[in-house]
Structure formats: structure tokens, C-alpha cells
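First comes the structure, then the notes that go with it.
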Amino acid sequence: MDSKGMSTAVAALVAGLLAAGSAQAQASGSVAVTSDYLWRGSSQTAGDPAVQAGAKLALPSGLYASVWGSNVSFTPDIGASREFDLVAGWSGAVAQDWSLDANLTRYLYPGTGRALDWTELGATLSWKQWAWLQLAHSSDALAGGHRGTYAQLGGRLPLNARFRLEAAAGRYWLADAQGPDYLHGQLSAIATLAPAWELRATVHDTDNAARRLFPGNAGGRWELALQGSF
């Protein structure tokens with residue numbers, strides 16, 4: 001299936017989930033302003049700020065569909081200025097203290113005139129609210145036409161009712177024709193400002209392989225973000 005066909009299929013799946021249970025669906029959303037949009041260790045805005053927003057509808061069965069968007073700016077310039085993520089998935093408890101979120105994500109970069117859109121299948125297994133393991137795979141990783149598998153292990157440490165720490169480390173395995181495998185890590189301090197608002201300060205770092213793969217966009221970086229949920 002080509003890129004346009006895959007986009008249509010994922011959009012149809014999202015629309016189908018919403019139509020199937022719109023009367024029972026629970027709506028939620030988020031807005032954020034961040035000093036830098038970092039994704040798997042690499043800046044998606046060339047170090048510039050980003051404004052982001054998302055919306056989600058979830059059914060009592062655990063099925064859900066969501067859309068999320070952000071401005072982007074890549075170096076070297078590939079003509080992309082916006083990113084939209086369409087997600088269809090299921091989340092729920094799988095055992096005592098364990099939960100699973102399995103989903104299909106379509107990354108869209110409209111208006112570029114280039115084949116930048118790609119699709120990824122992923123799952124995140126969480127233990128209580130303290131730890132998680134994320135796995136994701138695509139046969140067209142980063143729209144490069146080759147396979148890629150990503151894994152991230154993370155943990156959360158509450159300090160008190162308002163403050164917590166989060167840490168995560170990830171590895172991206174890429175096909176040789178795509179680029180080198182690379183590692184990245186991040187450490188965040190999060191403060192709850194109000195029931196629906198959080199302030200997050202994060203430091204990121206990557207190995208030299210990421211620096212070679214994403215010149216100017218990887219390595220040691222910091223990020224300050226204000227996020228609200230509703």
C-alpha cells in the first residue's frame with residue numbers, strides 16, 4: 001500500500017472507531033508550549049519552540065482514537081512545517097498493577113510535496129504509574145523505506161504531591177541502509193501547577209551515532225514545556 005493509501009486506511013480506522021461508539025466515548029485533550037520539540041533524542045524544530053495540541057476519544061471497551069499536531073522545522077530543510085499524528089489503539093489493564101497500550105500511528109507532514117508520511121505499530125506496557133516499557137516497529141521507519149525498531153525503558157519517582165522525576169532511555173535499531181543504530185536518554189523534573197497544568201524541565205542526550213544521523217539536531221539539549229490537559 002502506498003503512502004496515500006496508508007493515510008486513508010488509518011484515517012478510516014480512526015473514523016470508524018469514533019463512529020462505532022461516539023455516544024459512549026469519553027473526550028479528552030491537551031495543549032502545550034515547549035522551548036524545543038524533542039522526539040527520541042532529536043529536535044523536530046531545529047531547536048525552536050513549538051505549540052502542540054491533541055484530542056482523544058476513548059470507548060468503555062478501551063478502544064480509542066486520537067489526533068495530535070505540532071509545528072516542525074527540520075535541518076536540512078525538507079519543506080515540512082506541520083506534523084499531525086493519527087492514532088488508533090486499545091488501552092486497558094492486562095493484570096493486577098499492569099496495563100497495556102497498543103496502537104497504530106500514522107505520522108503526517110502535509111503540504112511538503114514529498115513522501116514524508118509513515119506508519120508505526122507500537123505498544124507500551126506499564127507497571128502501576130512507576131515504570132514502562134515501550135516497543136515500536138515500522139517497515140518504513142522515518143519514511144526512509146527501511147525497517148526500524150524502537151525500545152524505551154522509563155521510570156517515574158514521585159517526590160511529593162506536586163513534584164516528580166521521570167527518566168527514560170531508548171534505543172533505535174535501524175536498517176544499515178537507513179542509518180546507524182543509536183541511543184538516547186532523558187531526565188525530567190515535573191511540577192504540577194494546577195490540577196490540569198504541569199511544568200516540565202527535561203535534559204536530553206544522545207550518543208555519537210545520533211549526532212551523525214541528525215547533524216545539528218541531536219546531542220545534549222534541554223527543553224522547558226508547559227502542558228495542560230482537559
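Residue numbers start at 1 in each chain; chains themselves are named A, B, ... in the order of the C-alpha cells; ligands are numbered from 1 in the order shown.
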
>> Can you tell me which residues surround Pro60 in chain A at a distance of at most 9 Å, considering only C-alpha atoms, apart from same-chain residues fewer than 3 positions away, and format the answer as a VMD selection string?
In response: chain A and resid 21 24 to 26 63

Which residues of range 168-216 of chain A have any atom within 9 Å of an atom in range 120-141 of chain A when counting only C-alpha atoms, and what is the closest pair of atoms for each, with the distance in Å to one decimal? Order the rows by chain and rising number and write it as CSV.
residue,atom,partner,partner_atom,distance
A:Gly170,CA,A:Gln134,CA,8.9
A:Leu174,CA,A:Ala141,CA,7.7
A:Gln178,CA,A:Ala141,CA,8.4

Limited to N, CA and C atoms, could you put the picked residues into a file as a PDB file, in the first residue's frame?
ATOM      1  N   GLY A 170      16.320   5.129  25.548  1.00  0.00           N
ATOM      2  CA  GLY A 170      15.796   4.472  24.365  1.00  0.00           C
ATOM      3  C   GLY A 170      16.883   4.080  23.390  1.00  0.00           C
ATOM      4  N   LEU A 174      18.031   0.601  13.394  1.00  0.00           N
ATOM      5  CA  LEU A 174      17.690   0.965  12.025  1.00  0.00           C
ATOM      6  C   LEU A 174      18.426   0.052  11.042  1.00  0.00           C
ATOM      7  N   GLN A 178      19.466   2.681   6.184  1.00  0.00           N
ATOM      8  CA  GLN A 178      18.781   3.843   6.740  1.00  0.00           C
ATOM      9  C   GLN A 178      19.730   4.725   7.536  1.00  0.00           C
TER      10      GLN A 178
END

Just the residues within 12 Å of Asp77 in chain A, please, counting only C-alpha atoms, with nothing from its chain fewer than 4 positions along; format it as a short mmCIF file (atom, residue, chain, number, x, y, z; two decimals) with C-alpha atoms, in the first residue's frame.
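File written: around-v9.cif
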data_model
loop_
_atom_site.label_atom_id
_atom_site.label_comp_id
_atom_site.auth_asym_id
_atom_site.auth_seq_id
_atom_site.Cartn_x
_atom_site.Cartn_y
_atom_site.Cartn_z
CA GLN A 44 11.96 18.27 15.33
CA THR A 45 12.04 22.07 15.32
CA ALA A 46 15.79 22.73 14.87
CA VAL A 72 8.10 21.32 12.95
CA SER A 73 11.25 22.56 11.21
CA SER A 81 6.23 22.87 8.75
CA THR A 112 5.51 19.12 1.60
#

>> Give me, as a list in words, all polymer residues having an atom no more than 9 Å from Asp176 in chain A, counting only C-alpha atoms and skipping those fewer than 4 positions away in the same chain.
In response: His146, Pro180 and Asp181 of chain A

> What is the distance, in Å and to one decimal place, between CA of Gly155 in chain A and CA of Ala191 in chain A?
Replying inline: 16.2 Å

>> If we count only C-alpha atoms and set the cut-off at 6 Å, which residues sit around Glu83 in chain A, ignoring sequence neighbours fewer than 3 positions away in its own chain? Please answer as a count of residues only.
In response: 4

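Among the candidate residues A:Leu86, A:Val31, A:Ala102, A:Tyr37, the one lying nearest to Arg221 in chain A is A:Tyr37, with distances computed using only C-alpha atoms.
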
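The closest residue to Trp39 in chain A, picked from A:Gln96, A:Asn160, A:Gln227, A:Asn217 and counting only C-alpha atoms, is A:Asn217.
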
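You can rank A:Leu199, A:Ala218, A:Ala93, A:Val87 by their closest distance to Ser35 in chain A using only C-alpha atoms, and at the top of that list sits A:Leu199.
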
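Compared by their closest atoms to Arg40 in chain A, and using only C-alpha atoms, the residues A:Asn208, A:Ser91, A:Thr119, A:Gln152 rank with A:Gln152 nearest.
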
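With CA of Arg171 in chain A on one side and CA of Ala32 in chain A on the other, the separation reads 25.8 Å.
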
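Closest approach to Ser61 in chain A among A:Glu223, A:Leu38, A:Gly89, A:Tyr182 is made by A:Gly89 (distances from only C-alpha atoms).
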
>> If DSSP is run on the backbone, what residues of range 4-228 of chain A are helix (DSSP H, G or I)? A reply as an NGL selection string would be ideal.
In response: :A and (4-20 or 141-143 or 208-213)

> Which neighbours of Ser229 in chain A fall inside 10 Å, counting only C-alpha atoms, when residues of the same chain fewer than 6 positions from it are skipped, and could you give them as an MDAnalysis selection string?
Replying inline: chainID A and resid 28:32 53:55 195:198

Can those selected residues be exported to a file as a compact mmCIF listing (two decimals), in the first residue's frame so that it contains C-alpha atoms?
# COMPACT_ATOMS: atom_id res chain seq x y z
CA SER A 28 -10.06 14.46 26.42
CA GLY A 29 -7.36 16.71 25.05
CA SER A 30 -4.10 18.51 25.67
CA VAL A 31 -2.29 21.73 24.77
CA ALA A 32 1.39 22.51 25.23
CA ALA A 53 -2.40 20.25 20.76
CA GLY A 54 -4.21 16.94 20.75
CA ALA A 55 -7.67 15.41 21.13
CA PRO A 195 -4.98 20.08 38.52
CA ALA A 196 -4.81 20.43 34.73
CA TRP A 197 -1.41 22.09 34.26
CA GLU A 198 2.19 20.89 34.51
